[in-house]
file protein-v2.txt (compact mmCIF, C-alpha atoms and all ligand atoms)
# COMPACT_ATOMS: atom_id res chain seq x y z
CA MET A 3 1.60 -38.88 -29.99
CA SER A 4 4.13 -39.12 -27.21
CA ASP A 5 3.01 -40.81 -24.03
CA LEU A 6 5.46 -38.84 -21.91
CA PRO A 7 3.87 -37.03 -18.95
CA LEU A 8 3.35 -33.34 -19.71
CA PRO A 9 5.31 -30.82 -17.66
CA THR A 10 3.47 -28.87 -14.97
CA PRO A 11 4.43 -25.55 -13.32
CA GLU A 12 5.41 -27.59 -10.22
CA SER A 13 7.67 -29.97 -12.16
CA VAL A 14 9.24 -26.98 -13.96
CA ARG A 15 9.86 -25.26 -10.63
CA GLU A 16 11.44 -28.43 -9.22
CA CYS A 17 13.58 -28.78 -12.33
CA LEU A 18 14.85 -25.18 -11.97
CA ARG A 19 16.05 -25.98 -8.46
CA SER A 20 18.96 -27.75 -10.16
CA VAL A 21 20.17 -24.46 -11.67
CA PRO A 22 22.57 -22.55 -9.42
CA TYR A 23 22.77 -18.76 -9.52
CA PRO A 24 26.10 -17.95 -11.24
CA GLY A 25 28.84 -17.64 -8.63
CA TYR A 26 26.76 -19.12 -5.80
CA SER A 27 25.93 -22.62 -4.62
CA ARG A 28 22.29 -21.61 -4.09
CA ASP A 29 19.73 -22.26 -6.81
CA ILE A 30 17.73 -19.66 -8.70
CA ILE A 31 14.41 -20.67 -7.16
CA SER A 32 15.65 -20.02 -3.64
CA PHE A 33 17.03 -16.69 -4.82
CA GLY A 34 13.43 -15.77 -5.66
CA ILE A 35 14.21 -14.55 -9.17
CA VAL A 36 11.84 -16.88 -11.06
CA LYS A 37 8.74 -14.76 -11.50
CA ASP A 38 6.48 -16.65 -13.83
CA ILE A 39 6.13 -20.15 -15.21
CA ALA A 40 3.72 -20.80 -18.09
CA VAL A 41 3.11 -24.30 -19.45
CA ALA A 42 1.10 -25.08 -22.59
CA GLY A 43 1.30 -28.74 -23.55
CA GLY A 44 5.01 -29.44 -23.90
CA GLU A 45 5.91 -25.76 -24.28
CA VAL A 46 7.38 -24.03 -21.26
CA THR A 47 8.00 -20.30 -20.85
CA VAL A 48 9.78 -19.00 -17.78
CA SER A 49 10.23 -15.35 -16.82
CA ILE A 50 13.18 -14.41 -14.68
CA HIS A 51 13.55 -11.06 -13.01
CA LEU A 52 17.14 -9.92 -12.49
CA THR A 53 18.71 -7.04 -10.66
CA SER A 54 22.20 -8.50 -10.84
CA SER A 55 25.23 -6.43 -11.63
CA ASN A 56 27.13 -9.48 -12.87
CA PRO A 57 27.26 -9.00 -16.66
CA ASP A 58 27.56 -12.75 -17.33
CA ALA A 59 24.62 -13.71 -15.15
CA PRO A 60 21.73 -13.25 -17.64
CA MET A 61 23.19 -15.40 -20.42
CA ARG A 62 24.41 -18.09 -18.05
CA ILE A 63 21.05 -18.31 -16.30
CA LYS A 64 19.17 -18.43 -19.60
CA GLU A 65 21.36 -21.16 -21.03
CA ASP A 66 21.45 -23.24 -17.85
CA CYS A 67 17.69 -23.02 -17.41
CA GLU A 68 16.90 -23.92 -20.99
CA LYS A 69 19.28 -26.86 -20.82
CA ALA A 70 17.73 -28.13 -17.58
CA LEU A 71 14.20 -27.69 -18.93
CA ARG A 72 14.93 -29.53 -22.17
CA SER A 73 15.91 -32.57 -20.11
CA LEU A 74 12.56 -32.52 -18.31
CA PRO A 75 10.30 -35.30 -19.68
CA GLY A 76 7.56 -34.05 -22.01
CA VAL A 77 9.14 -30.64 -22.74
CA THR A 78 9.14 -29.91 -26.47
CA ARG A 79 10.18 -26.25 -26.30
CA ALA A 80 11.69 -24.18 -23.50
CA GLU A 81 11.98 -20.42 -23.56
CA VAL A 82 13.51 -18.38 -20.76
CA ARG A 83 12.89 -14.64 -20.75
CA ILE A 84 15.12 -12.43 -18.68
CA GLU A 85 13.67 -9.16 -17.45
CA PHE A 86 15.76 -6.46 -15.91
CA ASN A 87 15.06 -4.13 -13.11
CA GLN A 88 16.49 -1.04 -14.76
CA GLN A 89 16.77 1.24 -11.78
CA ALA A 90 18.51 -1.27 -9.54
CA THR A 91 20.86 -2.29 -12.32
CA ARG A 92 21.86 1.30 -12.93
CA ALA A 93 22.54 1.91 -9.27
CA VAL A 94 25.07 -0.90 -9.13
CA SER A 95 28.10 0.13 -11.05
CA THR A 96 30.99 -2.05 -9.97
CA ILE A 97 31.33 -5.55 -8.69
CA GLN A 98 33.65 -5.86 -5.80
CA LYS A 99 34.34 -9.37 -4.55
CA PRO A 100 34.70 -9.27 -0.80
CA ASN A 101 38.33 -10.36 -0.79
CA ALA A 102 38.86 -10.31 2.93
CA ALA A 103 35.47 -11.76 3.89
CA THR A 104 35.89 -14.94 5.85
CA GLN A 105 33.61 -17.55 7.26
CA ILE A 106 33.18 -17.57 11.00
CA GLU A 107 34.44 -20.83 12.40
CA GLY A 108 31.64 -23.21 13.38
CA VAL A 109 28.87 -20.96 12.01
CA ARG A 110 26.94 -22.36 9.06
CA HIS A 111 25.05 -19.25 7.99
CA VAL A 112 25.46 -15.57 8.75
CA ILE A 113 22.39 -13.48 7.99
CA ALA A 114 22.55 -9.69 8.18
CA VAL A 115 19.45 -7.64 9.00
CA ALA A 116 19.79 -4.22 7.41
CA SER A 117 17.83 -1.18 6.31
CA GLY A 118 18.55 2.09 4.64
CA LYS A 119 16.47 4.15 7.03
CA GLY A 120 16.82 4.21 10.80
CA GLY A 121 14.07 3.26 13.20
CA VAL A 122 12.17 0.96 10.84
CA GLY A 123 12.51 -1.99 13.23
CA LYS A 124 15.76 -3.77 12.29
CA SER A 125 16.64 -4.65 15.85
CA THR A 126 13.08 -5.78 16.58
CA VAL A 127 13.17 -7.96 13.46
CA ALA A 128 16.66 -9.29 14.22
CA VAL A 129 15.73 -10.25 17.78
CA ASN A 130 12.41 -11.86 16.87
CA LEU A 131 13.75 -13.62 13.81
CA THR A 132 16.55 -15.12 15.90
CA ALA A 133 13.99 -16.12 18.53
CA ALA A 134 11.85 -17.76 15.82
CA LEU A 135 14.89 -19.64 14.47
CA ALA A 136 15.66 -20.81 18.02
CA GLU A 137 12.04 -21.96 18.35
CA LEU A 138 12.61 -24.14 15.29
CA GLY A 139 15.27 -25.95 17.31
CA LEU A 140 18.22 -24.34 15.55
CA ARG A 141 21.42 -23.30 17.29
CA THR A 142 21.30 -19.54 16.95
CA GLY A 143 23.36 -16.49 17.73
CA LEU A 144 22.65 -12.78 17.53
CA CYS A 145 25.29 -10.14 17.11
CA ASP A 146 24.43 -6.51 17.72
CA CYS A 147 26.76 -4.60 15.40
CA ASP A 148 25.33 -1.18 16.18
CA ILE A 149 28.16 0.60 17.94
CA TYR A 150 26.38 3.93 18.33
CA GLY A 151 22.95 2.64 19.29
CA PRO A 152 23.12 -0.95 20.51
CA SER A 153 19.66 -2.04 21.59
CA VAL A 154 19.65 -5.82 21.39
CA PRO A 155 20.68 -6.58 25.01
CA LEU A 156 17.77 -4.47 26.24
CA MET A 157 15.38 -6.24 23.87
CA LEU A 158 16.56 -9.63 25.14
CA GLY A 159 16.62 -8.46 28.76
CA THR A 160 20.26 -8.86 29.69
CA ARG A 161 23.08 -6.71 31.02
CA ASP A 162 25.37 -9.65 31.72
CA PRO A 163 28.93 -8.71 30.85
CA VAL A 164 30.64 -10.81 28.19
CA LEU A 165 33.71 -12.69 29.34
CA PRO A 166 37.17 -12.68 27.82
CA THR A 167 38.89 -16.01 27.15
CA ASN A 168 42.52 -16.80 28.04
CA ASP A 169 43.60 -16.12 24.48
CA ASP A 170 42.03 -12.67 24.44
CA ARG A 171 38.87 -13.58 22.58
CA ILE A 172 35.31 -12.93 23.75
CA LEU A 173 32.61 -15.37 24.85
CA PRO A 174 29.02 -14.40 24.03
CA VAL A 175 26.36 -14.51 26.74
CA GLU A 176 23.56 -17.03 26.40
CA ILE A 177 19.96 -16.00 26.93
CA SER A 178 16.78 -17.96 26.06
CA GLY A 179 18.83 -20.38 23.97
CA ILE A 180 20.40 -17.53 21.94
CA ARG A 181 24.08 -16.69 22.05
CA LEU A 182 24.28 -12.95 22.20
CA MET A 183 27.04 -10.51 21.60
CA SER A 184 26.75 -6.77 21.59
CA MET A 185 29.08 -3.85 21.50
CA ALA A 186 26.96 -2.55 24.39
CA LEU A 187 28.14 -5.42 26.57
CA LEU A 188 31.75 -4.54 25.83
CA MET A 189 31.88 -0.78 26.04
CA GLU A 190 30.99 1.96 28.40
CA GLU A 191 27.86 3.67 27.13
CA THR A 192 29.66 6.96 26.57
CA ALA A 193 32.78 5.45 24.96
CA ALA A 194 31.21 4.80 21.56
CA ALA A 195 30.22 8.40 21.00
CA VAL A 196 33.84 9.52 20.76
CA LEU A 197 34.91 6.84 18.27
CA ARG A 198 35.11 8.13 14.71
CA GLY A 199 35.43 6.84 11.15
CA PRO A 200 38.43 4.56 10.64
CA ILE A 201 38.60 3.62 14.30
CA VAL A 202 35.03 2.39 14.22
CA THR A 203 35.83 0.35 11.10
CA ARG A 204 38.81 -1.27 12.80
CA TYR A 205 36.92 -1.82 16.00
CA THR A 206 34.05 -3.48 14.11
CA GLN A 207 36.41 -5.83 12.27
CA GLU A 208 38.18 -6.78 15.49
CA PHE A 209 34.89 -7.30 17.21
CA LEU A 210 33.55 -9.63 14.52
CA ARG A 211 36.71 -11.72 14.45
CA ARG A 212 37.23 -12.10 18.18
CA VAL A 213 33.90 -13.53 19.31
CA VAL A 214 33.92 -17.28 19.98
CA TRP A 215 30.52 -18.40 18.72
CA GLY A 216 30.98 -22.17 18.94
CA THR A 217 28.78 -24.29 16.69
CA LEU A 218 25.80 -22.39 15.27
CA ASP A 219 23.30 -23.07 12.50
CA ALA A 220 22.55 -19.40 12.07
CA LEU A 221 24.07 -16.17 13.27
CA VAL A 222 21.96 -13.05 12.79
CA LEU A 223 23.72 -9.69 12.58
CA ASP A 224 21.75 -6.60 13.58
CA LEU A 225 23.28 -3.82 11.52
CA PRO A 226 23.20 -0.12 12.27
CA PRO A 227 20.96 1.96 9.98
CA GLY A 228 22.23 3.26 6.68
CA THR A 229 24.66 2.30 3.97
CA GLY A 230 27.95 3.65 5.20
CA ASP A 231 31.39 2.38 6.09
CA ILE A 232 30.29 0.16 8.95
CA GLN A 233 27.85 -1.82 6.81
CA LEU A 234 30.46 -2.18 4.06
CA THR A 235 33.10 -3.25 6.57
CA ILE A 236 30.80 -5.91 7.96
CA ALA A 237 29.90 -7.28 4.51
CA GLN A 238 33.59 -7.37 3.61
CA THR A 239 34.79 -8.90 6.89
CA VAL A 240 32.30 -11.73 7.28
CA GLU A 241 31.01 -13.96 4.51
CA LEU A 242 27.27 -13.39 4.54
CA SER A 243 24.83 -16.07 3.41
CA GLY A 244 22.53 -13.18 2.71
CA VAL A 245 20.88 -10.00 3.81
CA ILE A 246 17.34 -9.34 4.97
CA LEU A 247 16.21 -5.82 4.30
CA VAL A 248 13.70 -4.23 6.62
CA THR A 249 11.45 -1.42 5.53
CA THR A 250 8.22 0.27 6.47
CA PRO A 251 5.66 0.69 3.69
CA GLN A 252 6.06 4.43 3.08
CA GLU A 253 7.99 5.91 0.18
CA VAL A 254 10.84 7.50 2.18
CA ALA A 255 11.78 4.14 3.69
CA LEU A 256 11.47 2.36 0.33
CA ALA A 257 13.85 4.79 -1.36
CA ASP A 258 16.42 4.04 1.34
CA VAL A 259 15.97 0.31 1.10
CA ARG A 260 16.76 0.53 -2.62
CA ARG A 261 20.07 2.17 -1.78
CA ALA A 262 20.83 -0.53 0.77
CA ALA A 263 20.03 -3.27 -1.78
CA ALA A 264 22.39 -1.66 -4.29
CA MET A 265 25.17 -1.47 -1.73
CA PHE A 266 24.92 -5.15 -0.79
CA GLU A 267 24.79 -6.15 -4.43
CA LYS A 268 28.03 -4.28 -4.96
CA VAL A 269 29.79 -6.53 -2.49
CA ASN A 270 28.01 -9.62 -3.81
CA ALA A 271 26.00 -10.26 -0.68
CA PRO A 272 22.73 -11.83 -1.86
CA ILE A 273 19.49 -10.23 -0.73
CA LEU A 274 17.41 -13.05 0.76
CA GLY A 275 14.26 -10.99 0.93
CA LEU A 276 12.41 -8.03 2.32
CA ILE A 277 10.49 -7.79 5.59
CA GLU A 278 7.88 -5.09 5.74
CA ASN A 279 7.52 -3.88 9.30
CA MET A 280 4.73 -1.70 10.68
CA SER A 281 2.61 -2.85 7.72
CA PHE A 282 -0.60 -1.87 9.46
CA PHE A 283 -1.86 -1.16 12.97
CA LEU A 284 -3.74 -4.12 14.29
CA CYS A 285 -6.32 -2.64 16.65
CA PRO A 286 -6.56 -4.83 19.76
CA ASP A 287 -10.15 -3.63 20.40
CA ASN A 288 -11.76 -4.59 17.13
CA GLY A 289 -9.10 -6.59 15.24
CA LYS A 290 -9.30 -4.05 12.37
CA ARG A 291 -6.27 -3.17 10.29
CA TYR A 292 -5.28 0.46 9.81
CA PRO A 293 -2.59 1.04 7.14
CA ILE A 294 -0.87 3.92 8.93
CA PHE A 295 2.16 4.08 6.61
CA GLY A 296 0.31 3.18 3.42
CA GLU A 297 -0.33 -0.10 1.73
CA GLY A 298 1.49 -2.40 -0.68
CA GLY A 299 4.86 -0.59 -0.51
CA GLY A 300 6.84 -3.63 0.65
CA ALA A 301 5.34 -5.95 -1.96
CA ARG A 302 5.98 -3.41 -4.72
CA GLU A 303 9.57 -2.92 -3.65
CA ALA A 304 10.21 -6.66 -3.34
CA ARG A 305 8.94 -7.10 -6.92
CA ARG A 306 11.13 -4.27 -8.11
CA LEU A 307 14.20 -5.75 -6.45
CA GLY A 308 13.28 -9.24 -7.63
CA VAL A 309 13.36 -10.68 -4.10
CA PRO A 310 10.65 -12.33 -2.01
CA LEU A 311 8.58 -10.43 0.56
CA LEU A 312 9.24 -12.62 3.60
CA ALA A 313 6.75 -11.16 6.04
CA GLN A 314 4.46 -8.27 6.84
CA VAL A 315 4.68 -7.44 10.52
CA PRO A 316 1.83 -5.39 11.99
CA ILE A 317 2.26 -2.59 14.50
CA GLU A 318 1.27 -4.17 17.76
CA MET A 319 1.67 -2.69 21.20
CA GLU A 320 3.09 -5.94 22.48
CA VAL A 321 5.96 -5.83 19.95
CA ARG A 322 7.17 -2.53 21.40
CA ALA A 323 6.39 -3.51 25.00
CA GLY A 324 8.15 -6.86 24.58
CA GLY A 325 11.21 -5.06 23.23
CA ASP A 326 11.30 -2.67 26.18
CA ARG A 327 10.69 -5.49 28.68
CA GLY A 328 13.33 -7.78 27.23
CA LYS A 329 10.77 -10.41 26.15
CA PRO A 330 10.54 -10.78 22.35
CA ILE A 331 6.96 -11.26 21.19
CA VAL A 332 7.89 -14.55 19.51
CA PHE A 333 8.52 -15.97 23.00
CA SER A 334 5.87 -14.09 25.00
CA HIS A 335 2.90 -14.18 22.56
CA PRO A 336 3.69 -16.86 19.99
CA ALA A 337 0.15 -16.85 18.57
CA SER A 338 0.07 -13.08 17.87
CA ALA A 339 0.00 -11.82 14.28
CA SER A 340 3.52 -10.38 14.61
CA ALA A 341 5.00 -13.55 16.08
CA LEU A 342 3.44 -15.57 13.27
CA ALA A 343 4.92 -13.19 10.69
CA PHE A 344 8.40 -13.61 12.22
CA SER A 345 7.94 -17.39 12.31
CA GLU A 346 6.99 -17.36 8.64
CA ALA A 347 10.20 -15.53 7.77
CA ALA A 348 12.22 -17.98 9.91
CA ALA A 349 10.60 -20.93 8.12
CA PHE A 350 11.54 -19.36 4.79
CA LEU A 351 15.16 -19.04 5.91
CA ARG A 352 15.22 -22.61 7.06
CA ARG A 353 13.96 -23.82 3.66
CA THR A 354 16.12 -21.48 1.61
CA LEU A 355 19.38 -21.95 3.46
CA ASP A 356 18.70 -25.60 4.25
CA LEU A 357 19.17 -24.90 7.97
N1 LIG B 401 5.89 -3.99 14.53
C1 LIG B 401 6.07 -3.14 15.55
N2 LIG B 401 5.04 -2.82 16.38
C2 LIG B 401 5.21 -1.94 17.41
N3 LIG B 401 6.38 -1.34 17.70
C3 LIG B 401 7.44 -1.63 16.92
C4 LIG B 401 7.35 -2.54 15.81
N4 LIG B 401 8.57 -2.63 15.23
C5 LIG B 401 9.40 -1.82 15.94
N5 LIG B 401 8.72 -1.22 16.95
C6 LIG B 401 9.27 -0.26 17.93
O1 LIG B 401 9.83 0.82 17.20
C7 LIG B 401 11.04 1.28 17.82
C8 LIG B 401 12.19 1.19 16.80
O2 LIG B 401 12.43 -0.17 16.49
P1 LIG B 401 13.92 -0.76 16.37
O3 LIG B 401 14.78 -0.26 17.49
O4 LIG B 401 13.76 -2.22 16.21
O5 LIG B 401 14.35 -0.08 15.00
P2 LIG B 401 15.77 -0.05 14.31
O6 LIG B 401 15.53 -0.04 12.86
O7 LIG B 401 16.64 -1.11 14.87
O8 LIG B 401 16.32 1.36 14.79
P3 LIG B 401 17.81 1.92 14.56
O9 LIG B 401 17.86 2.32 13.13
O10 LIG B 401 17.89 3.07 15.51
O11 LIG B 401 18.75 0.80 14.89
C9 LIG B 401 11.25 0.37 19.02
O12 LIG B 401 10.76 1.02 20.17
C10 LIG B 401 10.40 -0.85 18.74
O13 LIG B 401 9.92 -1.49 19.91
MG MG B 402 18.58 -1.00 15.75

call {"tool": "encode", "arguments": {"input": "protein-v2.txt", "output": "structure tokens"}}
result
Amino acid sequence: MSDLPLPTPESVRECLRSVPYPGYSRDIISFGIVKDIAVAGGEVTVSIHLTSSNPDAPMRIKEDCEKALRSLPGVTRAEVRIEFNQQATRAVSTIQKPNAATQIEGVRHVIAVASGKGGVGKSTVAVNLTAALAELGLRTGLCDCDIYGPSVPLMLGTRDPVLPTNDDRILPVEISGIRLMSMALLMEETAAAVLRGPIVTRYTQEFLRRVVWGTLDALVLDLPPGTGDIQLTIAQTVELSGVILVTTPQEVALADVRRAAAMFEKVNAPILGLIENMSFFLCPDNGKRYPIFGEGGGAREARRLGVPLLAQVPIEMEVRAGGDRGKPIVFSHPASASALAFSEAAAFLRRTLDL
């Protein structure tokens, strides 16, 4: 009998961290696509859940994983099963490399916060996630890309105008350790309403390229709702490390989040995970949870998309009040259930993106 140590699910997981997702520098574990690891003696079976539209991805992943696993001490047989998420795969028809997408100078990671449906809490999530990243000691920026309904300055409590530089670029404002830029700080409130289609696209591109962010570990983009031209323009103008999708648990929001996931896959922007907002109402009187929009929707959708569920954020009065007052709950009530959920998601990003 061999005296090699037997593999364990943990050692298999560690071993799979050496396998990059085809076309990316990130590994398949951090992509969240490894669903199941079974170990019986020296025999290892791994299930991988894919939604990718890249036709070469399944074979490459299977081969690379099996090769890595065979080099793990004690492994006598390695089998990798690839499962597909049919619906998501069908929705993604073409792969379009973002040819014009560029990195923003000095910024290590750009993370977009998006949703299919409006009003699900993107801006709230973007603001609090950025605040939680700042609390981790990271250099952070937040860019409000919502030209028609910019709300981030209000949520962070500033109306400071942004300043132009000598070479016609724009300096963000700094508030609570966050560098902030918003279309609202640049434009008259009424001006946006008259901008249409192609002009908005051009304006958005200009806007993204002209801001001088300086050195940042993470820049969070708060996207407008939906899956239209503006979202596509943003994904094709700036190289995104990934996208966080925000949804509420009910079916109408989940259907829209599926569409958003398909759109980002088309432009090869990886989905980092899903945040379920308004998961339940946390009653301040008795601490009871009331699942106002239903239960389990976010977890189900995350499984379907093959991405991790990063957090479940309860409905709490203080989240809304903090937003209106310009004091994100992560700063004002760091021990609240919502603040902890945002901190959890920030910790995930730090691990996954090596921030
Ligand atoms: N977990 C929560 N608990 C209580 N109120 C919340 C929560 N999340 C969001 N809200 C409130 O819901 C409203 C909508 O949230 P928010 O503006 O963040 O959504 P959005 O998705 O950015 O909207 P839009 O699609 O218009 O950009 C805000 O008033 C916000 O304070
Ligand atoms: Mg918003």

call {"tool": "residues_near_ligand", "arguments": {"input": "protein-v2.txt", "ligand": "ligand LIG 401 (chain B)", "cutoff": "9 Å", "atoms": "only C-alpha atoms and all ligand atoms", "output": "count of residues only"}}
result
47

call {"tool": "residues_around", "arguments": {"input": "protein-v2.txt", "residues": "Glu107 (chain A)", "least_positions_apart": "6", "cutoff": "9 Å", "atoms": "all atoms listed in the file", "output": "ChimeraX atom specification"}}
result
/A:214-217

call {"tool": "closest_residue", "arguments": {"input": "protein-v2.txt", "among": "A:Ile236, A:Val175, A:Leu144, A:Ala186", "to": "Leu210 (chain A)", "atoms": "only C-alpha atoms"}}
result
A:Ile236

call {"tool": "closest_residue", "arguments": {"input": "protein-v2.txt", "among": "A:Thr142, A:Thr229, A:Thr132, A:Thr104", "to": "Arg260 (chain A)", "atoms": "only C-alpha atoms"}}
result
A:Thr229

call {"tool": "closest_residue", "arguments": {"input": "protein-v2.txt", "among": "A:Ile177, A:Ala313, A:Leu6, A:Ala237", "to": "Leu342 (chain A)", "atoms": "only C-alpha atoms"}}
result
A:Ala313

call {"tool": "atom_distance", "arguments": {"input": "protein-v2.txt", "atom1": "CA of Ile232 (chain A)", "atom2": "CA of Pro155 (chain A)"}}
result
19.9 Å

call {"tool": "atom_distance", "arguments": {"input": "protein-v2.txt", "atom1": "CA of Val112 (chain A)", "atom2": "CA of Leu221 (chain A)"}}
result
4.8 Å

call {"tool": "closest_residue", "arguments": {"input": "protein-v2.txt", "among": "A:Leu223, A:Met183, A:Leu307, A:Val82", "to": "ligand MG 402 (chain B)", "atoms": "only C-alpha atoms and all ligand atoms"}}
result
A:Leu223

call {"tool": "atom_distance", "arguments": {"input": "protein-v2.txt", "atom1": "CA of Ser20 (chain A)", "atom2": "CA of Lys69 (chain A)"}}
result
10.7 Å

call {"tool": "closest_residue", "arguments": {"input": "protein-v2.txt", "among": "A:Val115, A:Ala257, A:Ala134, A:Leu218", "to": "Glu346 (chain A)", "atoms": "all atoms listed in the file"}}
result
A:Ala134

call {"tool": "closest_residue", "arguments": {"input": "protein-v2.txt", "among": "A:Ala337, A:Cys145, A:Val259, A:Leu284", "to": "ligand MG 402 (chain B)", "atoms": "all atoms listed in the file"}}
result
A:Cys145

call {"tool": "residues_around", "arguments": {"input": "protein-v2.txt", "residues": "Arg72 (chain A)", "least_positions_apart": "4", "cutoff": "12 Å", "atoms": "only C-alpha atoms", "output": "list in words"}}
result
Pro9, Val14, Cys17, Leu18, Gly44, Glu45, Val46, Thr47, Glu65, Asp66, Cys67, Glu68, Gly76, Val77, Thr78, Arg79, Ala80, Glu81 and Val82 of chain A

call {"tool": "residues_around", "arguments": {"input": "protein-v2.txt", "residues": "Gln238 (chain A)", "least_positions_apart": "2", "cutoff": "6 Å", "atoms": "only C-alpha atoms", "output": "PyMOL selection string"}}
result
chain A and resi 100+103+235-236+240

call {"tool": "residues_around", "arguments": {"input": "protein-v2.txt", "residues": "region 22-24 of chain A", "least_positions_apart": "3", "cutoff": "10 Å", "atoms": "only C-alpha atoms", "output": "list in words"}}
result
Leu18, Arg19, Ser27, Arg28, Asp29, Ile30, Ile31, Ser32, Phe33, Ile35, Asn56, Asp58, Ala59, Pro60, Met61, Arg62, Ile63, Asp66 and Cys67 of chain A

call {"tool": "decode", "arguments": {"input": "protein-v2.txt", "residues": "region 126-146 of chain A", "atoms": "N, CA and C atoms", "output": "PDB file, in the first residue's frame"}}
result
ATOM      1  N   THR A 126     -27.299  51.854  -3.134  1.00  0.00           N
ATOM      2  CA  THR A 126     -27.100  51.565  -1.708  1.00  0.00           C
ATOM      3  C   THR A 126     -25.977  50.545  -1.537  1.00  0.00           C
ATOM      4  N   VAL A 127     -26.008  49.511  -2.373  1.00  0.00           N
ATOM      5  CA  VAL A 127     -24.965  48.479  -2.299  1.00  0.00           C
ATOM      6  C   VAL A 127     -23.613  49.073  -2.695  1.00  0.00           C
ATOM      7  N   ALA A 128     -23.592  49.858  -3.783  1.00  0.00           N
ATOM      8  CA  ALA A 128     -22.319  50.410  -4.254  1.00  0.00           C
ATOM      9  C   ALA A 128     -21.687  51.296  -3.182  1.00  0.00           C
ATOM     10  N   VAL A 129     -22.505  52.147  -2.571  1.00  0.00           N
ATOM     11  CA  VAL A 129     -21.991  53.067  -1.550  1.00  0.00           C
ATOM     12  C   VAL A 129     -21.473  52.288  -0.331  1.00  0.00           C
ATOM     13  N   ASN A 130     -22.273  51.344   0.141  1.00  0.00           N
ATOM     14  CA  ASN A 130     -21.877  50.627   1.354  1.00  0.00           C
ATOM     15  C   ASN A 130     -20.737  49.648   1.117  1.00  0.00           C
ATOM     16  N   LEU A 131     -20.704  49.075  -0.059  1.00  0.00           N
ATOM     17  CA  LEU A 131     -19.600  48.171  -0.387  1.00  0.00           C
ATOM     18  C   LEU A 131     -18.284  48.963  -0.447  1.00  0.00           C
ATOM     19  N   THR A 132     -18.354  50.137  -1.064  1.00  0.00           N
ATOM     20  CA  THR A 132     -17.151  50.981  -1.127  1.00  0.00           C
ATOM     21  C   THR A 132     -16.737  51.390   0.279  1.00  0.00           C
ATOM     22  N   ALA A 133     -17.724  51.741   1.102  1.00  0.00           N
ATOM     23  CA  ALA A 133     -17.421  52.124   2.487  1.00  0.00           C
ATOM     24  C   ALA A 133     -16.764  50.947   3.217  1.00  0.00           C
ATOM     25  N   ALA A 134     -17.285  49.730   2.984  1.00  0.00           N
ATOM     26  CA  ALA A 134     -16.724  48.553   3.661  1.00  0.00           C
ATOM     27  C   ALA A 134     -15.307  48.261   3.162  1.00  0.00           C
ATOM     28  N   LEU A 135     -15.057  48.507   1.883  1.00  0.00           N
ATOM     29  CA  LEU A 135     -13.690  48.318   1.351  1.00  0.00           C
ATOM     30  C   LEU A 135     -12.754  49.357   1.967  1.00  0.00           C
ATOM     31  N   ALA A 136     -13.270  50.592   2.136  1.00  0.00           N
ATOM     32  CA  ALA A 136     -12.451  51.643   2.759  1.00  0.00           C
ATOM     33  C   ALA A 136     -12.151  51.273   4.210  1.00  0.00           C
ATOM     34  N   GLU A 137     -13.151  50.675   4.889  1.00  0.00           N
ATOM     35  CA  GLU A 137     -12.941  50.256   6.277  1.00  0.00           C
ATOM     36  C   GLU A 137     -11.867  49.174   6.394  1.00  0.00           C
ATOM     37  N   LEU A 138     -11.651  48.437   5.318  1.00  0.00           N
ATOM     38  CA  LEU A 138     -10.595  47.413   5.324  1.00  0.00           C
ATOM     39  C   LEU A 138      -9.214  48.048   5.098  1.00  0.00           C
ATOM     40  N   GLY A 139      -9.195  49.364   4.964  1.00  0.00           N
ATOM     41  CA  GLY A 139      -7.921  50.061   4.786  1.00  0.00           C
ATOM     42  C   GLY A 139      -7.496  50.175   3.329  1.00  0.00           C
ATOM     43  N   LEU A 140      -8.433  49.893   2.415  1.00  0.00           N
ATOM     44  CA  LEU A 140      -8.071  49.955   0.994  1.00  0.00           C
ATOM     45  C   LEU A 140      -8.314  51.354   0.433  1.00  0.00           C
ATOM     46  N   ARG A 141      -7.532  51.721  -0.563  1.00  0.00           N
ATOM     47  CA  ARG A 141      -7.748  53.004  -1.232  1.00  0.00           C
ATOM     48  C   ARG A 141      -8.888  52.814  -2.226  1.00  0.00           C
ATOM     49  N   THR A 142      -9.984  53.519  -1.985  1.00  0.00           N
ATOM     50  CA  THR A 142     -11.190  53.229  -2.761  1.00  0.00           C
ATOM     51  C   THR A 142     -11.759  54.457  -3.460  1.00  0.00           C
ATOM     52  N   GLY A 143     -12.417  54.201  -4.561  1.00  0.00           N
ATOM     53  CA  GLY A 143     -13.122  55.244  -5.275  1.00  0.00           C
ATOM     54  C   GLY A 143     -14.503  54.756  -5.656  1.00  0.00           C
ATOM     55  N   LEU A 144     -15.409  55.687  -5.873  1.00  0.00           N
ATOM     56  CA  LEU A 144     -16.774  55.338  -6.251  1.00  0.00           C
ATOM     57  C   LEU A 144     -17.204  56.265  -7.377  1.00  0.00           C
ATOM     58  N   CYS A 145     -17.660  55.672  -8.457  1.00  0.00           N
ATOM     59  CA  CYS A 145     -18.049  56.468  -9.603  1.00  0.00           C
ATOM     60  C   CYS A 145     -19.526  56.228  -9.919  1.00  0.00           C
ATOM     61  N   ASP A 146     -20.295  57.283  -9.812  1.00  0.00           N
ATOM     62  CA  ASP A 146     -21.728  57.204 -10.068  1.00  0.00           C
ATOM     63  C   ASP A 146     -21.937  57.397 -11.569  1.00  0.00           C
TER      64      ASP A 146
END
